[in-house]
$ cat query-v9.tsv   # TSV, C-alpha atoms
chain	number	residue	atom	x	y	z
A	1	MET	CA	15.58	12.71	42.24
A	2	THR	CA	12.97	15.27	43.27
A	3	ASP	CA	9.36	14.49	42.46
A	4	LYS	CA	8.12	18.08	42.37
A	5	PRO	CA	6.84	19.00	38.87
A	6	VAL	CA	9.13	21.09	36.69
A	7	PRO	CA	8.20	24.70	35.96
A	8	LYS	CA	6.05	25.41	32.93
A	9	ASP	CA	8.66	26.91	30.67
A	10	PHE	CA	10.85	23.85	31.07
A	11	TYR	CA	8.98	22.14	28.25
A	12	ALA	CA	9.00	25.17	26.01
A	13	MET	CA	12.76	25.61	26.33
A	14	MET	CA	13.35	21.87	26.02
A	15	GLU	CA	11.34	21.74	22.81
A	16	GLU	CA	13.28	24.65	21.41
A	17	LEU	CA	16.52	22.93	22.31
A	18	GLN	CA	15.34	19.72	20.65
A	19	ALA	CA	14.33	21.61	17.50
A	20	VAL	CA	17.77	23.19	17.24
A	21	ASP	CA	19.42	19.85	17.94
A	22	PHE	CA	17.40	18.18	15.20
A	23	VAL	CA	18.39	20.82	12.68
A	24	LEU	CA	22.03	20.33	13.66
A	25	VAL	CA	21.78	16.57	13.20
A	26	GLU	CA	20.18	17.01	9.77
A	27	LEU	CA	22.79	19.53	8.70
A	28	THR	CA	25.65	17.38	9.96
A	29	LEU	CA	24.45	14.42	7.91
A	30	TYR	CA	23.85	16.67	4.92
A	31	LEU	CA	27.29	18.28	5.17
A	32	ASP	CA	28.97	14.88	5.36
A	33	THR	CA	28.02	14.40	1.72
A	34	HIS	CA	28.07	18.09	0.69
A	35	PRO	CA	31.32	19.43	2.16
A	36	ASP	CA	31.45	22.53	-0.03
A	37	ASP	CA	27.91	23.80	0.47
A	38	TYR	CA	28.75	27.22	1.88
A	39	GLN	CA	25.16	28.18	2.77
A	40	ALA	CA	24.59	24.99	4.74
A	41	ILE	CA	27.82	25.49	6.66
A	42	GLN	CA	26.77	29.05	7.49
A	43	GLN	CA	23.41	27.77	8.70
A	44	PHE	CA	25.16	25.07	10.69
A	45	ASN	CA	27.34	27.60	12.46
A	46	GLU	CA	24.33	29.83	13.17
A	47	TYR	CA	22.45	26.97	14.74
A	48	SER	CA	25.41	25.72	16.74
A	49	HIS	CA	25.88	29.21	18.14
A	50	ALA	CA	22.16	29.36	18.94
A	51	ARG	CA	22.42	25.99	20.60
A	52	GLN	CA	25.24	27.11	22.85
A	53	THR	CA	23.35	30.18	24.04
A	54	LEU	CA	20.21	28.07	24.56
A	55	LYS	CA	22.23	25.58	26.57
A	56	VAL	CA	23.53	28.31	28.87
A	57	GLN	CA	20.05	29.74	29.41
A	58	PHE	CA	18.60	26.30	30.04
A	59	GLU	CA	21.26	25.33	32.51
A	60	GLN	CA	20.96	28.51	34.52
A	61	LYS	CA	17.32	27.65	35.14
A	62	PHE	CA	17.14	23.89	35.26
A	63	GLY	CA	20.56	22.57	36.07
A	64	PRO	CA	23.21	20.88	33.94
A	65	LEU	CA	22.29	19.04	30.77
A	66	LEU	CA	25.50	17.09	30.30
A	67	GLN	CA	28.09	15.67	32.66
A	68	PHE	CA	31.84	15.10	32.91
A	69	GLY	CA	32.63	18.79	32.49
A	70	ASN	CA	30.37	19.44	29.55
A	71	SER	CA	28.07	21.45	31.82
A	72	TYR	CA	28.67	23.67	34.81
A	73	SER	CA	27.33	22.38	38.09
A	74	GLY	CA	25.19	24.24	40.56
A	75	TYR	CA	25.59	24.08	44.30
A	76	PRO	CA	24.96	21.55	45.79
A	77	TRP	CA	25.81	18.90	43.17
A	78	ASN	CA	22.57	18.94	41.26
A	79	TRP	CA	22.90	17.10	38.00
A	80	LYS	CA	20.50	14.45	39.24
A	81	ASP	CA	17.68	16.85	40.12
A	82	THR	CA	16.02	17.66	36.82
A	83	PRO	CA	14.06	14.72	35.39
A	84	TRP	CA	15.93	12.26	33.22
A	85	PRO	CA	15.40	12.50	29.43
A	86	TRP	CA	13.01	9.57	29.46
A	87	GLN	CA	11.02	11.08	32.30
A	88	ILE	CA	10.29	14.59	31.05
B	89	MET	CA	-5.43	17.82	-14.11
B	90	THR	CA	-5.49	15.91	-10.82
B	91	LYS	CA	-3.50	17.25	-7.86
B	92	PHE	CA	0.11	15.98	-7.66
B	93	THR	CA	0.51	13.16	-5.17
B	94	THR	CA	3.33	10.80	-4.18
B	95	ARG	CA	0.89	7.88	-4.15
B	96	LYS	CA	0.85	5.40	-6.98
B	97	THR	CA	-1.51	2.50	-7.42
B	98	TYR	CA	-1.53	-0.90	-9.07
B	99	ARG	CA	-4.23	-3.49	-9.53
B	100	PRO	CA	-3.20	-6.96	-8.30
B	101	TYR	CA	-4.53	-10.09	-10.00
B	102	VAL	CA	-7.66	-11.37	-8.21
B	103	SER	CA	-8.12	-15.15	-8.45
B	104	PRO	CA	-11.69	-16.50	-8.73
B	105	LEU	CA	-10.68	-19.01	-6.05
B	106	ASP	CA	-9.79	-16.26	-3.59
B	107	PRO	CA	-12.05	-16.81	-0.52
B	108	CYS	CA	-11.56	-13.32	0.92
B	109	PRO	CA	-12.98	-10.13	-0.56
B	110	PRO	CA	-10.22	-8.94	-2.95
B	111	ILE	CA	-8.35	-5.64	-2.64
B	112	LYS	CA	-8.82	-4.26	-6.11
B	113	GLU	CA	-6.46	-1.34	-6.02
B	114	LYS	CA	-3.26	-1.27	-3.97
B	115	VAL	CA	-1.70	2.11	-3.06
B	116	TYR	CA	2.03	2.64	-2.50
B	117	SER	CA	4.04	5.72	-1.66
B	118	THR	CA	6.88	6.92	-3.87
B	119	PRO	CA	8.53	9.80	-2.04
B	120	ALA	CA	10.80	12.30	-3.76
B	121	GLN	CA	13.99	10.71	-2.48
B	122	LEU	CA	13.48	7.76	-4.83
B	123	TYR	CA	13.95	10.07	-7.78
B	124	LEU	CA	16.28	12.58	-6.16
B	125	GLY	CA	19.69	10.97	-6.59
B	126	PHE	CA	22.27	13.44	-5.26
B	127	GLN	CA	20.51	16.07	-3.18
B	128	PRO	CA	20.99	19.54	-4.75
B	129	GLU	CA	21.97	22.55	-2.66
B	130	ASN	CA	19.63	25.19	-1.22
B	131	LEU	CA	16.45	23.16	-1.21
B	132	PRO	CA	13.55	24.91	0.57
B	133	GLN	CA	13.55	24.04	4.27
B	134	PHE	CA	11.13	23.84	7.20
B	135	THR	CA	11.59	26.05	10.25
B	136	ALA	CA	13.29	24.35	13.22
B	137	LYS	CA	10.02	23.53	15.03
B	138	GLU	CA	8.30	22.24	11.86
B	139	ALA	CA	11.35	20.15	11.00
B	140	LEU	CA	11.25	18.57	14.44
B	141	TYR	CA	7.69	17.36	13.82
B	142	ALA	CA	8.06	16.68	10.13
B	143	GLY	CA	11.10	14.47	10.64
B	144	THR	CA	13.18	16.12	7.97
B	145	LEU	CA	14.67	19.55	7.34
B	146	TRP	CA	13.80	19.76	3.64
B	147	LYS	CA	10.24	20.13	2.42
B	148	LEU	CA	10.88	17.96	-0.62
B	149	LEU	CA	11.83	14.95	1.49
B	150	TYR	CA	8.78	15.14	3.76
B	151	ASP	CA	6.91	11.85	3.30
B	152	PRO	CA	4.23	11.11	5.94
B	153	TYR	CA	2.88	7.68	5.12
B	154	TYR	CA	-0.56	7.74	6.68
B	155	GLY	CA	-2.77	4.72	6.27
B	156	PRO	CA	-5.80	5.00	3.97
B	157	MET	CA	-8.11	5.38	6.97
B	158	GLU	CA	-5.93	7.70	9.02
B	159	LYS	CA	-6.79	11.38	9.07
B	160	GLY	CA	-4.20	14.09	8.45
B	161	ARG	CA	-3.48	12.99	4.90
B	162	ASP	CA	-2.46	16.36	3.56
B	163	ASP	CA	-0.85	15.07	0.41
B	164	GLU	CA	-3.81	13.01	-0.76
$ encode --input "query-v9.tsv" --output "structure tokens"
Amino acid sequence: MTDKPVPKDFYAMMEELQAVDFVLVELTLYLDTHPDDYQAIQQFNEYSHARQTLKVQFEQKFGPLLQFGNSYSGYPWNWKDTPWPWQI
Amino acid sequence: MTKFTTRKTYRPYVSPLDPCPPIKEKVYSTPAQLYLGFQPENLPQFTAKEALYAGTLWKLLYDPYYGPMEKGRDDE
């Protein structure tokens, strides 16, 4: 676990990722009870696509977000370098 | 006509034997979801960032319950 501070745009990108995640959570819960709402499903797919591209950008800069194959790893094994979620 | 607000008030009974200074008017919040029933489609939404801070995606369901003394009471 490195103690050097993270670069400035870490927080900006993390906030954007969290915003997209929150929208996805809301839409998932909404779609559970509204399965045939076409607009919401379209919005859901837009945001999930946006989330995937955001994830790739984020990971190129700050290392993997998830583990067990859900994120690529850098060299050397670096999933423990960026601060943990409760530390950011 | 007064501005629409989600706050409603009631006046509790104040006993003459009550030692403490009575609270004459009690305020309670009645957000839209109490009256909403099944949520209709295509309700107006916040942007992603606003939704993150508001706590909900749909403007109608936004219900910040600030205390009487707290600032930031935009729906008062």
$ atom_distance --input "query-v9.tsv" --atom1 "atom CA of Ala120 of chain B" --atom2 "atom CA of Gln43 of chain A"
23.5 Å
$ residues_near_point --input "query-v9.tsv" --point "(-11.0, -4.3, -3.4)" --cutoff "12 Å" --atoms "only C-alpha atoms" --output "JSON, numbers by chain"
{"B": [98, 99, 100, 101, 102, 108, 109, 110, 111, 112, 113, 114, 115]}
$ write_last_selection --input "query-v9.tsv" --atoms "C-alpha atoms" --output "PDB file, keeping the file's coordinate frame"
ATOM      1  CA  TYR B  98      -1.530  -0.900  -9.070  1.00  0.00           C
ATOM      2  CA  ARG B  99      -4.230  -3.490  -9.530  1.00  0.00           C
ATOM      3  CA  PRO B 100      -3.200  -6.960  -8.300  1.00  0.00           C
ATOM      4  CA  TYR B 101      -4.530 -10.090 -10.000  1.00  0.00           C
ATOM      5  CA  VAL B 102      -7.660 -11.370  -8.210  1.00  0.00           C
ATOM      6  CA  CYS B 108     -11.560 -13.320   0.920  1.00  0.00           C
ATOM      7  CA  PRO B 109     -12.980 -10.130  -0.560  1.00  0.00           C
ATOM      8  CA  PRO B 110     -10.220  -8.940  -2.950  1.00  0.00           C
ATOM      9  CA  ILE B 111      -8.350  -5.640  -2.640  1.00  0.00           C
ATOM     10  CA  LYS B 112      -8.820  -4.260  -6.110  1.00  0.00           C
ATOM     11  CA  GLU B 113      -6.460  -1.340  -6.020  1.00  0.00           C
ATOM     12  CA  LYS B 114      -3.260  -1.270  -3.970  1.00  0.00           C
ATOM     13  CA  VAL B 115      -1.700   2.110  -3.060  1.00  0.00           C
TER      14      VAL B 115
END
$ atom_distance --input "query-v9.tsv" --atom1 "atom CA of Trp86 of chain A" --atom2 "atom CA of Trp146 of chain B"
27.8 Å
$ residues_around --input "query-v9.tsv" --residues "Lys55 of chain A" --least-positions-apart "6" --cutoff "9 Å" --atoms "all atoms listed in the file" --output "JSON, numbers by chain"
{"A": [17, 64, 65, 71]}
$ interface_residues --input "query-v9.tsv" --of "chain B" --to "chain A" --cutoff "12 Å" --atoms "all atoms listed in the file" --output "VMD selection string"
chain B and resid 126 to 146 149
$ axis_aligned_box --input "query-v9.tsv" --around "segment 68-76 of chain A" --padding-each-side "4 Å" --output "lines of an AutoDock Vina configuration file"
center_x = 28.8
center_y = 19.7
center_z = 37.7
size_x = 15.7
size_y = 17.1
size_z = 24.2
$ atom_distance --input "query-v9.tsv" --atom1 "atom CA of Ser73 of chain A" --atom2 "atom CA of Gln52 of chain A"
16.1 Å
$ closest_residue --input "query-v9.tsv" --among "B:Thr97, B:Leu105, B:Leu148, B:Met157" --to "Leu124 of chain B" --atoms "all atoms listed in the file"
B:Leu148
$ build_atoms --input "query-v9.tsv" --residues "segment 121-135 of chain B" --atoms "N, CA, C and O atoms" --output "PDB file, in the coordinates of the input"
ATOM      1  N   GLN B 121      12.586  11.132  -2.551  1.00  0.00           N
ATOM      2  CA  GLN B 121      13.990  10.710  -2.480  1.00  0.00           C
ATOM      3  C   GLN B 121      14.291   9.549  -3.415  1.00  0.00           C
ATOM      4  O   GLN B 121      15.437   9.295  -3.740  1.00  0.00           O
ATOM      5  N   LEU B 122      13.222   8.865  -3.892  1.00  0.00           N
ATOM      6  CA  LEU B 122      13.480   7.760  -4.830  1.00  0.00           C
ATOM      7  C   LEU B 122      14.022   8.304  -6.143  1.00  0.00           C
ATOM      8  O   LEU B 122      14.811   7.674  -6.831  1.00  0.00           O
ATOM      9  N   TYR B 123      13.567   9.519  -6.476  1.00  0.00           N
ATOM     10  CA  TYR B 123      13.950  10.070  -7.780  1.00  0.00           C
ATOM     11  C   TYR B 123      15.036  11.124  -7.648  1.00  0.00           C
ATOM     12  O   TYR B 123      15.487  11.687  -8.632  1.00  0.00           O
ATOM     13  N   LEU B 124      15.457  11.390  -6.391  1.00  0.00           N
ATOM     14  CA  LEU B 124      16.280  12.580  -6.160  1.00  0.00           C
ATOM     15  C   LEU B 124      17.721  12.343  -6.586  1.00  0.00           C
ATOM     16  O   LEU B 124      18.361  13.199  -7.137  1.00  0.00           O
ATOM     17  N   GLY B 125      18.260  11.144  -6.290  1.00  0.00           N
ATOM     18  CA  GLY B 125      19.690  10.970  -6.590  1.00  0.00           C
ATOM     19  C   GLY B 125      20.486  11.824  -5.623  1.00  0.00           C
ATOM     20  O   GLY B 125      20.239  11.825  -4.432  1.00  0.00           O
ATOM     21  N   PHE B 126      21.441  12.629  -6.143  1.00  0.00           N
ATOM     22  CA  PHE B 126      22.270  13.440  -5.260  1.00  0.00           C
ATOM     23  C   PHE B 126      21.503  14.704  -4.907  1.00  0.00           C
ATOM     24  O   PHE B 126      21.057  15.427  -5.780  1.00  0.00           O
ATOM     25  N   GLN B 127      21.351  14.955  -3.625  1.00  0.00           N
ATOM     26  CA  GLN B 127      20.510  16.070  -3.180  1.00  0.00           C
ATOM     27  C   GLN B 127      21.132  17.399  -3.604  1.00  0.00           C
ATOM     28  O   GLN B 127      22.277  17.686  -3.269  1.00  0.00           O
ATOM     29  N   PRO B 128      20.422  18.243  -4.340  1.00  0.00           N
ATOM     30  CA  PRO B 128      20.990  19.540  -4.750  1.00  0.00           C
ATOM     31  C   PRO B 128      21.087  20.483  -3.554  1.00  0.00           C
ATOM     32  O   PRO B 128      20.507  20.242  -2.496  1.00  0.00           O
ATOM     33  N   GLU B 129      21.804  21.604  -3.773  1.00  0.00           N
ATOM     34  CA  GLU B 129      21.970  22.550  -2.660  1.00  0.00           C
ATOM     35  C   GLU B 129      20.749  23.471  -2.576  1.00  0.00           C
ATOM     36  O   GLU B 129      19.956  23.563  -3.509  1.00  0.00           O
ATOM     37  N   ASN B 130      20.637  24.139  -1.408  1.00  0.00           N
ATOM     38  CA  ASN B 130      19.630  25.190  -1.220  1.00  0.00           C
ATOM     39  C   ASN B 130      18.223  24.735  -1.555  1.00  0.00           C
ATOM     40  O   ASN B 130      17.480  25.444  -2.234  1.00  0.00           O
ATOM     41  N   LEU B 131      17.854  23.551  -1.068  1.00  0.00           N
ATOM     42  CA  LEU B 131      16.450  23.160  -1.210  1.00  0.00           C
ATOM     43  C   LEU B 131      15.643  23.928  -0.163  1.00  0.00           C
ATOM     44  O   LEU B 131      16.169  24.259   0.898  1.00  0.00           O
ATOM     45  N   PRO B 132      14.349  24.205  -0.440  1.00  0.00           N
ATOM     46  CA  PRO B 132      13.550  24.910   0.570  1.00  0.00           C
ATOM     47  C   PRO B 132      13.464  24.071   1.843  1.00  0.00           C
ATOM     48  O   PRO B 132      13.402  22.838   1.784  1.00  0.00           O
ATOM     49  N   GLN B 133      13.487  24.765   3.007  1.00  0.00           N
ATOM     50  CA  GLN B 133      13.550  24.040   4.270  1.00  0.00           C
ATOM     51  C   GLN B 133      12.354  24.391   5.156  1.00  0.00           C
ATOM     52  O   GLN B 133      11.695  25.402   4.958  1.00  0.00           O
ATOM     53  N   PHE B 134      12.098  23.523   6.148  1.00  0.00           N
ATOM     54  CA  PHE B 134      11.130  23.840   7.200  1.00  0.00           C
ATOM     55  C   PHE B 134      11.808  24.739   8.226  1.00  0.00           C
ATOM     56  O   PHE B 134      13.030  24.835   8.264  1.00  0.00           O
ATOM     57  N   THR B 135      10.984  25.364   9.100  1.00  0.00           N
ATOM     58  CA  THR B 135      11.590  26.050  10.250  1.00  0.00           C
ATOM     59  C   THR B 135      12.010  24.957  11.239  1.00  0.00           C
ATOM     60  O   THR B 135      11.639  23.790  11.079  1.00  0.00           O
TER      61      THR B 135
END
